[in-house]
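**Q** Provided herewith: start.cif, mmCIF, C-alpha atoms and all ligand atoms.
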```cif
data_entry
loop_
_atom_site.label_atom_id
_atom_site.label_comp_id
_atom_site.auth_asym_id
_atom_site.auth_seq_id
_atom_site.Cartn_x
_atom_site.Cartn_y
_atom_site.Cartn_z
CA VAL A 1 -2.30 -9.28 37.39
CA LYS A 2 -2.05 -12.36 35.15
CA VAL A 3 -1.58 -11.50 31.50
CA LEU A 4 -1.50 -13.71 28.42
CA VAL A 5 0.63 -12.14 25.68
CA THR A 6 0.66 -13.72 22.22
CA GLY A 7 3.55 -12.95 19.88
CA HIS A 8 5.63 -12.25 22.98
CA ARG A 9 8.89 -13.17 21.24
CA GLY A 10 8.47 -10.59 18.47
CA TYR A 11 9.80 -7.06 18.00
CA ILE A 12 7.16 -5.42 20.23
CA GLY A 13 6.40 -8.51 22.32
CA VAL A 14 9.82 -8.73 23.99
CA HIS A 15 9.43 -5.14 25.20
CA LEU A 16 5.91 -5.91 26.39
CA VAL A 17 7.04 -8.85 28.54
CA ASP A 18 9.74 -6.63 30.03
CA VAL A 19 7.36 -3.73 30.73
CA LEU A 20 4.75 -6.05 32.30
CA LYS A 21 7.22 -7.89 34.47
CA ALA A 22 8.84 -4.65 35.60
CA ALA A 23 5.37 -3.54 36.74
CA GLY A 24 5.02 -6.74 38.79
CA HIS A 25 2.62 -8.66 36.55
CA GLU A 26 2.68 -12.41 35.85
CA VAL A 27 3.12 -13.14 32.15
CA THR A 28 2.20 -16.17 30.09
CA GLY A 29 3.52 -15.97 26.53
CA CYS A 30 2.34 -17.86 23.46
CA ASP A 31 4.53 -17.73 20.37
CA VAL A 32 5.30 -20.16 17.56
CA ARG A 33 8.83 -18.67 17.40
CA LEU A 34 8.95 -17.77 13.73
CA PHE A 35 12.01 -15.65 14.40
CA GLU A 36 13.92 -18.04 16.65
CA GLY A 37 17.63 -17.28 16.40
CA CYS A 38 17.06 -13.74 15.07
CA GLU A 39 17.55 -12.03 18.43
CA TRP A 40 20.55 -9.72 18.70
CA GLU A 41 20.39 -9.28 22.47
CA PRO A 42 19.08 -11.37 25.37
CA PHE A 43 15.55 -10.48 26.43
CA THR A 44 13.26 -10.86 29.44
CA GLN A 45 11.53 -14.22 29.51
CA ALA A 46 7.84 -14.76 30.29
CA ASP A 47 6.96 -16.61 33.50
CA HIS A 48 5.21 -19.31 31.49
CA ASP A 49 6.09 -19.96 27.87
CA LEU A 50 3.72 -21.72 25.49
CA HIS A 51 5.72 -22.61 22.40
CA LYS A 52 2.80 -23.10 20.04
CA ASP A 53 0.63 -21.76 17.27
CA VAL A 54 -1.95 -19.31 18.58
CA ARG A 55 -4.52 -21.10 16.43
CA GLU A 56 -4.12 -24.11 18.71
CA LEU A 57 -4.49 -22.38 22.07
CA GLU A 58 -6.84 -24.36 24.32
CA PRO A 59 -9.47 -22.79 26.60
CA GLN A 60 -7.70 -24.14 29.69
CA GLU A 61 -4.52 -22.28 28.61
CA VAL A 62 -6.42 -19.00 28.35
CA ALA A 63 -8.58 -19.37 31.47
CA GLY A 64 -7.34 -17.76 34.66
CA HIS A 65 -5.81 -14.69 33.04
CA ASP A 66 -7.04 -11.17 33.75
CA CYS A 67 -6.13 -9.81 30.34
CA VAL A 68 -5.22 -11.14 26.89
CA MET A 69 -2.87 -9.00 24.78
CA HIS A 70 -2.95 -10.41 21.29
CA LEU A 71 0.05 -9.50 19.12
CA ALA A 72 0.81 -12.74 17.26
CA ALA A 73 0.38 -12.10 13.55
CA ILE A 74 1.99 -12.21 10.16
CA SER A 75 3.09 -8.74 10.96
CA ASN A 76 3.16 -6.45 7.97
CA ASP A 77 1.71 -5.76 4.56
CA PRO A 78 4.26 -7.43 2.26
CA MET A 79 4.37 -10.52 4.45
CA GLY A 80 0.62 -10.68 4.47
CA ASP A 81 0.65 -10.95 0.71
CA ILE A 82 2.96 -14.00 0.56
CA ASN A 83 0.15 -16.31 1.57
CA PRO A 84 -3.22 -14.57 1.86
CA ASP A 85 -4.97 -17.65 3.26
CA LEU A 86 -2.42 -17.95 6.02
CA THR A 87 -2.72 -14.24 6.83
CA ALA A 88 -6.49 -14.56 7.09
CA SER A 89 -6.17 -17.70 9.17
CA VAL A 90 -3.64 -16.30 11.66
CA ASN A 91 -4.42 -12.59 11.71
CA ARG A 92 -8.20 -12.71 11.50
CA ASP A 93 -9.66 -16.15 12.29
CA ALA A 94 -7.31 -16.96 15.16
CA SER A 95 -7.78 -13.46 16.61
CA ILE A 96 -11.56 -13.88 16.60
CA ARG A 97 -11.32 -17.39 18.01
CA LEU A 98 -9.01 -16.24 20.80
CA ALA A 99 -11.43 -13.45 21.74
CA GLN A 100 -14.24 -15.99 21.84
CA ILE A 101 -12.23 -18.29 24.12
CA ALA A 102 -11.26 -15.34 26.35
CA LYS A 103 -14.90 -14.35 26.70
CA GLU A 104 -16.11 -17.90 27.36
CA THR A 105 -13.44 -18.56 29.96
CA GLY A 106 -14.17 -15.33 31.81
CA VAL A 107 -11.11 -13.25 30.86
CA PRO A 108 -12.47 -9.71 31.26
CA ARG A 109 -10.19 -7.79 28.88
CA TYR A 110 -8.89 -8.47 25.36
CA LEU A 111 -6.44 -6.01 23.81
CA PHE A 112 -5.84 -6.43 20.10
CA ALA A 113 -2.77 -5.19 18.20
CA SER A 114 -4.47 -3.41 15.32
CA SER A 115 -2.75 -0.92 13.05
CA CYS A 116 -3.02 2.53 11.53
CA SER A 117 -2.55 0.81 8.19
CA VAL A 118 -6.35 0.37 8.21
CA TYR A 119 -6.45 3.97 6.92
CA GLY A 120 -4.51 3.36 3.71
CA LYS A 121 -3.88 6.40 1.53
CA ARG A 122 -5.86 9.38 2.76
CA ASP A 123 -5.68 13.15 2.70
CA GLY A 124 -5.85 15.34 5.79
CA LEU A 125 -5.71 14.35 9.41
CA ILE A 126 -7.46 11.05 10.13
CA ASP A 127 -9.20 10.05 13.32
CA GLU A 128 -10.90 6.82 14.31
CA SER A 129 -14.34 7.91 13.11
CA GLY A 130 -13.25 8.26 9.49
CA ASP A 131 -13.71 5.74 6.70
CA LEU A 132 -11.32 2.87 6.56
CA ASN A 133 -9.38 2.17 3.40
CA PRO A 134 -7.48 -1.09 3.74
CA LEU A 135 -5.03 -1.49 0.88
CA THR A 136 -3.78 -4.93 1.83
CA ILE A 137 -4.90 -8.28 3.19
CA TYR A 138 -2.95 -7.45 6.34
CA ALA A 139 -4.91 -4.24 6.90
CA LYS A 140 -8.19 -5.94 6.08
CA SER A 141 -7.47 -8.70 8.60
CA LYS A 142 -7.19 -6.05 11.31
CA ILE A 143 -10.50 -4.39 10.38
CA ASP A 144 -12.37 -7.68 10.13
CA THR A 145 -11.09 -8.72 13.54
CA GLU A 146 -12.13 -5.42 15.15
CA ALA A 147 -15.63 -5.80 13.71
CA ALA A 148 -16.12 -9.43 14.69
CA VAL A 149 -14.71 -9.04 18.18
CA GLY A 150 -16.84 -5.91 18.66
CA GLU A 151 -19.94 -8.12 18.50
CA MET A 152 -18.73 -9.97 21.59
CA ALA A 153 -18.34 -6.90 23.81
CA SER A 154 -20.44 -7.08 26.98
CA ASP A 155 -20.43 -5.81 30.56
CA ASP A 156 -17.98 -8.49 31.59
CA PHE A 157 -15.94 -8.66 28.36
CA THR A 158 -14.06 -5.56 27.27
CA PRO A 159 -12.20 -5.73 24.00
CA ALA A 160 -10.16 -2.77 22.73
CA TYR A 161 -8.22 -2.25 19.52
CA LEU A 162 -4.88 -0.47 19.63
CA ARG A 163 -4.43 1.00 16.16
CA ASN A 164 -0.70 1.32 16.44
CA ALA A 165 1.33 3.72 14.35
CA THR A 166 4.31 2.24 12.48
CA ALA A 167 6.87 1.11 15.00
CA TYR A 168 10.59 1.92 15.01
CA GLY A 169 13.46 1.80 17.43
CA HIS A 170 15.60 -0.57 19.40
CA SER A 171 14.36 -3.98 20.49
CA PRO A 172 16.30 -7.12 21.44
CA MET A 173 14.30 -8.71 18.60
CA LEU A 174 15.21 -5.99 16.12
CA ARG A 175 13.52 -5.75 12.74
CA ILE A 176 14.79 -3.44 10.00
CA ASP A 177 11.98 -3.90 7.51
CA ILE A 178 10.04 -0.93 8.92
CA VAL A 179 10.64 2.50 7.51
CA ALA A 180 12.70 4.41 10.08
CA ASN A 181 14.83 1.43 11.12
CA ASN A 182 15.32 0.60 7.47
CA LEU A 183 16.63 4.03 6.52
CA LEU A 184 19.07 4.00 9.44
CA ALA A 185 20.21 0.46 8.64
CA ARG A 186 20.79 1.42 5.00
CA ALA A 187 22.75 4.49 5.99
CA LEU A 188 25.08 2.37 8.15
CA GLY A 189 25.16 -0.61 5.80
CA THR A 190 25.64 1.19 2.47
CA GLY A 191 26.56 4.79 3.26
CA ALA A 192 23.47 6.01 1.42
CA ILE A 193 19.93 6.81 2.53
CA ALA A 194 18.25 5.60 -0.61
CA MET A 195 14.55 6.25 -0.62
CA ILE A 196 12.21 4.21 -2.73
CA SER A 197 9.76 7.10 -3.01
CA ASP A 198 10.00 10.86 -3.49
CA GLY A 199 9.95 11.17 0.30
CA THR A 200 6.59 12.95 0.53
CA PRO A 201 4.32 10.23 2.01
CA TRP A 202 3.22 10.79 5.61
CA ARG A 203 3.53 8.16 8.31
CA PRO A 204 2.69 8.21 12.00
CA LEU A 205 5.58 6.64 13.93
CA ILE A 206 5.94 5.28 17.45
CA HIS A 207 8.77 3.64 19.34
CA CYS A 208 8.15 -0.09 19.82
CA ARG A 209 8.60 0.22 23.58
CA ASP A 210 5.94 2.93 23.71
CA ILE A 211 3.51 0.49 22.05
CA ALA A 212 4.34 -1.95 24.84
CA ARG A 213 3.73 0.76 27.45
CA ALA A 214 0.43 1.60 25.78
CA PHE A 215 -0.75 -2.01 26.12
CA CYS A 216 0.02 -1.82 29.81
CA ALA A 217 -1.88 1.47 30.12
CA PHE A 218 -4.90 -0.01 28.32
CA MET A 219 -4.88 -2.89 30.78
CA GLU A 220 -4.88 -0.53 33.74
CA ALA A 221 -7.43 1.95 32.30
CA PRO A 222 -10.98 2.08 33.66
CA GLN A 223 -13.29 -0.15 31.64
CA ALA A 224 -15.43 2.74 30.42
CA ALA A 225 -12.42 4.56 28.95
CA ILE A 226 -11.59 1.87 26.43
CA HIS A 227 -14.60 -0.47 26.20
CA ASN A 228 -14.90 -1.73 22.62
CA GLN A 229 -12.98 1.28 21.31
CA ALA A 230 -10.57 1.49 18.41
CA ILE A 231 -7.91 3.96 19.52
CA ASN A 232 -4.97 5.25 17.50
CA VAL A 233 -1.74 4.73 19.43
CA GLY A 234 0.98 7.27 18.72
CA GLY A 235 1.48 11.02 19.12
CA ASN A 236 0.18 14.04 17.19
CA GLN A 237 3.74 15.38 16.98
CA GLU A 238 4.98 12.05 15.63
CA ASN A 239 3.53 12.21 12.12
CA TYR A 240 6.45 12.50 9.70
CA GLN A 241 7.07 12.65 6.00
CA VAL A 242 9.54 9.97 4.95
CA LYS A 243 12.02 12.68 3.91
CA GLN A 244 11.95 14.06 7.47
CA VAL A 245 12.84 10.59 8.72
CA ALA A 246 15.74 10.57 6.24
CA ASP A 247 16.88 13.95 7.62
CA GLU A 248 16.90 12.54 11.16
CA VAL A 249 18.95 9.59 9.94
CA GLN A 250 21.40 11.90 8.18
CA ARG A 251 21.85 13.86 11.40
CA LEU A 252 23.13 10.63 12.96
CA VAL A 253 25.09 9.43 9.93
CA PRO A 254 26.24 12.73 8.35
CA GLU A 255 28.44 11.06 5.74
CA ALA A 256 25.45 9.24 4.22
CA SER A 257 23.78 11.00 1.30
CA ILE A 258 20.05 11.04 0.73
CA THR A 259 18.78 9.94 -2.66
CA PHE A 260 15.22 10.03 -3.92
CA ALA A 261 13.72 7.60 -6.42
CA GLN A 262 13.07 9.30 -9.77
CA ASP A 263 10.14 7.10 -10.64
CA SER A 264 8.65 5.80 -7.42
CA ARG A 265 9.52 2.14 -6.91
CA ASP A 266 7.62 2.18 -3.68
CA ASP A 267 5.15 -0.68 -3.73
CA ASP A 268 3.65 0.68 -0.52
CA PRO A 269 1.27 3.47 -1.47
CA ARG A 270 0.27 4.31 2.10
CA SER A 271 0.26 7.94 3.13
CA TYR A 272 -1.65 9.28 6.08
CA ARG A 273 -1.47 11.67 9.00
CA VAL A 274 -3.20 10.51 12.11
CA SER A 275 -4.84 12.24 15.08
CA PHE A 276 -4.15 10.74 18.49
CA ASP A 277 -6.66 12.91 20.38
CA ARG A 278 -8.83 9.95 21.35
CA LEU A 279 -5.85 8.31 23.06
CA ALA A 280 -5.22 11.50 25.04
CA GLN A 281 -8.87 11.57 26.12
CA ALA A 282 -9.06 7.87 27.00
CA LEU A 283 -5.70 7.65 28.79
CA PRO A 284 -4.93 11.22 29.95
CA ASP A 285 -1.86 10.13 31.93
CA PHE A 286 -0.21 8.23 29.09
CA ARG A 287 2.80 9.94 27.46
CA LEU A 288 5.18 8.67 24.81
CA SER A 289 8.65 8.24 26.22
CA TYR A 290 10.41 8.71 22.85
CA THR A 291 10.35 11.10 19.93
CA LEU A 292 11.70 9.95 16.58
CA ALA A 293 14.92 11.86 17.30
CA THR A 294 15.59 10.25 20.71
CA GLY A 295 14.47 6.81 19.55
CA LEU A 296 16.71 6.82 16.48
CA GLU A 297 19.60 8.16 18.50
CA GLU A 298 19.30 5.19 20.86
CA LEU A 299 19.03 2.67 18.03
CA HIS A 300 21.98 4.25 16.24
CA ALA A 301 24.13 3.93 19.39
CA ARG A 302 23.17 0.25 19.74
CA MET A 303 23.92 -0.44 16.08
CA ILE A 304 27.34 1.13 16.41
CA GLU A 305 27.98 -0.96 19.55
CA HIS A 306 26.99 -4.10 17.63
CA GLY A 307 29.09 -3.12 14.60
CA PHE A 308 26.02 -3.17 12.35
CA ASP A 309 27.18 -3.36 8.72
CA GLN A 310 26.27 -4.37 5.20
CA SER A 311 26.15 -8.08 6.04
CA ASP A 312 23.49 -7.35 8.69
CA LEU A 313 21.57 -5.27 6.18
CA GLU A 314 21.64 -7.98 3.55
CA GLY A 315 21.27 -11.00 5.82
CA ASP A 316 18.12 -12.66 7.12
CA GLN A 317 18.42 -11.92 10.82
CA PHE A 318 16.64 -8.57 10.94
CA VAL A 319 14.36 -8.74 7.92
CA ARG A 320 11.11 -10.48 8.81
CA LEU A 321 10.14 -11.03 5.18
CA ARG A 322 13.25 -13.03 4.32
CA THR A 323 13.12 -15.18 7.44
CA LEU A 324 9.43 -15.68 7.10
CA GLY A 325 9.68 -16.69 3.46
CA GLN A 326 11.81 -19.62 4.60
CA ARG A 327 9.73 -20.57 7.62
CA LEU A 328 6.20 -19.98 6.46
CA GLY A 329 5.76 -23.49 5.10
CA ARG A 330 5.66 -24.77 8.64
CA LEU A 331 2.64 -22.63 9.48
CA ALA A 332 0.97 -22.90 6.09
CA GLN A 333 0.56 -26.66 6.44
CA THR A 334 -1.99 -25.99 9.14
CA ALA A 335 -3.63 -22.92 7.54
N1 LIG B 1 5.74 -3.25 13.95
C1 LIG B 1 4.83 -2.37 13.57
O1 LIG B 1 5.14 -1.35 12.95
C2 LIG B 1 3.38 -2.57 13.91
C3 LIG B 1 2.49 -1.52 13.71
C4 LIG B 1 1.15 -1.69 13.97
C5 LIG B 1 0.72 -2.91 14.45
N2 LIG B 1 1.59 -3.94 14.67
C6 LIG B 1 1.07 -5.23 15.15
O2 LIG B 1 1.71 -5.56 16.38
C7 LIG B 1 1.86 -6.97 16.47
C8 LIG B 1 3.33 -7.31 16.74
O3 LIG B 1 4.16 -6.77 15.72
P1 LIG B 1 5.72 -6.99 15.71
O4 LIG B 1 6.32 -5.87 14.96
O5 LIG B 1 6.20 -7.26 17.09
O6 LIG B 1 5.82 -8.29 14.80
P2 LIG B 1 6.86 -9.51 14.81
O7 LIG B 1 6.75 -10.17 13.49
O8 LIG B 1 8.18 -9.06 15.28
O9 LIG B 1 6.26 -10.47 15.95
C9 LIG B 1 5.15 -11.30 15.75
C10 LIG B 1 5.33 -12.51 16.66
O10 LIG B 1 4.18 -13.35 16.50
C11 LIG B 1 4.59 -14.68 16.34
N3 LIG B 1 3.60 -15.41 15.56
C12 LIG B 1 3.26 -15.22 14.26
N4 LIG B 1 2.32 -16.10 13.89
C13 LIG B 1 2.03 -16.85 14.99
C14 LIG B 1 1.13 -17.91 15.25
N5 LIG B 1 0.32 -18.39 14.31
N6 LIG B 1 1.07 -18.44 16.50
C15 LIG B 1 1.88 -17.96 17.49
N7 LIG B 1 2.77 -16.97 17.29
C16 LIG B 1 2.84 -16.41 16.06
C17 LIG B 1 5.94 -14.61 15.67
O11 LIG B 1 6.70 -15.79 15.93
C18 LIG B 1 6.56 -13.35 16.27
O12 LIG B 1 7.32 -13.65 17.42
C19 LIG B 1 1.32 -7.54 15.17
O13 LIG B 1 -0.02 -7.94 15.38
C20 LIG B 1 1.38 -6.38 14.22
O14 LIG B 1 0.42 -6.50 13.20
C21 LIG B 1 2.92 -3.80 14.40
#
```
Starting from the file, give its structure as structure tokens.

**A**
Amino acid sequence: VKVLVTGHRGYIGVHLVDVLKAAGHEVTGCDVRLFEGCEWEPFTQADHDLHKDVRELEPQEVAGHDCVMHLAAISNDPMGDINPDLTASVNRDASIRLAQIAKETGVPRYLFASSCSVYGKRDGLIDESGDLNPLTIYAKSKIDTEAAVGEMASDDFTPAYLRNATAYGHSPMLRIDIVANNLLARALGTGAIAMISDGTPWRPLIHCRDIARAFCAFMEAPQAAIHNQAINVGGNQENYQVKQVADEVQRLVPEASITFAQDSRDDDPRSYRVSFDRLAQALPDFRLSYTLATGLEELHARMIEHGFDQSDLEGDQFVRLRTLGQRLGRLAQTA
């Protein structure tokens, strides 16, 4: 199968190329390489590499693929706020345009990297039918894309929206600005697991490689199972309170002490527990290959191997926001 993956040189994307190629698929990647030079390990290359802005993809570059997996984005809430126009342009407008091109050029399937952040702060267990509560431009860009692309769904064009839980875990393109990786990196870099909240907020978590495996499963699923569906991607057992994540980190780094913020300095008010029942119904054979415990154990081992320390924690290599702040100008000129 011929697959076009955008954002294929990102944290999740490098796993996705590897998973697809291991399954025998032919991969074209499109990435503007915002994080060039940030890799900490070599990674599997796509068969064809388009080094360009996804907003400039041409129909002839999209035609001929059997599936588009669209991951390229300004990829989290704080980054989305740096330049709202750019976030709307890349995350929403380009995603809608790419779906349009895919449909017009006869690509039958379009899988969009959406996010559980569309749920914002909510009580109880949330499923896909509930109200959405986007707290950020990033989250809103995901909802707007789902809605606009939904209008294009037809018998021969199947979009689906993977509402991914928050990723964590090892990747050759590591990022440590996401909660579980961040707590582990702080423990190793500073000897303390300093939380910026009281530790009570809930988050659904998923290993980044399991997101990649989910994309592959969505590509292989029967059309009827996923047609124009928003589906939460994660596991019912993988909803955690941030303090539970800290406990897992402390298990791996016992000398690190956990501290809670007295007055919450957390500028991320999200808290939600998510149901993944629809995923189990749509893709009954799909199983997560990691739990938080096994995923963090693996990342911890790799960090020790690499000698991860305070300079890594404070440098630019693994923190998307810092790197992006310096490189965004390049993209913004064409926003
Ligand atoms: N990491 C998470 O916790 C998480 C959770 C839910 C959803 N997602 C979504 O999954 C996708 C991938 O996330 P990630 O963690 O791998 O992010 P990432 O920042 O590591 O990777 C994004 C990739 O997209 C590329 N990119 C950005 N703008 C581009 C443009 N205009 N043209 C071409 N390439 C561009 C970047 O160079 C980068 O390689 C994103 O859409 C993100 O919103 C991520």

**Q** Would you please work out which residue, of A:Trp40, A:Tyr168, A:Tyr119, A:Tyr290, is nearest to ligand LIG 1 (chain B) when using all atoms listed in the file?

**A**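 Distance minimum relative to ligand LIG 1 (chain B) lands on A:Tyr168.
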
**Q** Could you check which of A:Ala221, A:His300, A:Gly315, A:Glu255 is closest to Phe286 (chain A), using all atoms listed in the file?

**A** A:Ala221

**Q** Can you tell me, as a PyMOL selection string, what residues are no more than 10 Å from Leu296 (chain A) when counting only C-alpha atoms, ignoring any on the same chain fewer than 6 positions away?

**A** chain A and resi 168-170+180-181+184+207+245+248-249+252+290+302

**Q** Quick one: of A:Arg33, A:His227, A:Lys243, A:Arg330, who's nearest to ligand LIG 1 (chain B), counting all atoms listed in the file?

**A**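 Ranking A:Arg33, A:His227, A:Lys243, A:Arg330 by distance to ligand LIG 1 (chain B), first place goes to A:Arg33.
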
**Q** Please identify every polymer residue within 7 Å of ligand LIG 1 (chain B), using only C-alpha atoms and all ligand atoms, and present the set as a PyMOL selection string.

**A** chain A and resi 6-13+30-35+52-55+71-76+90+113-116+163-168+173+175+178+320+331

**Q** Taking (-9.4, 4.7, 26.5) as a centre in this file's frame and 7 Å as the limit, can you find every polymer residue with an atom that close, using all atoms listed in the file, and give them as a list in words?

**A**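 Protein, DNA and RNA residues close to (-9.4, 4.7, 26.5): Phe218, Ala221, Ala225, Ile226, Leu279, Gln281, Ala282 and Leu283 of chain A.
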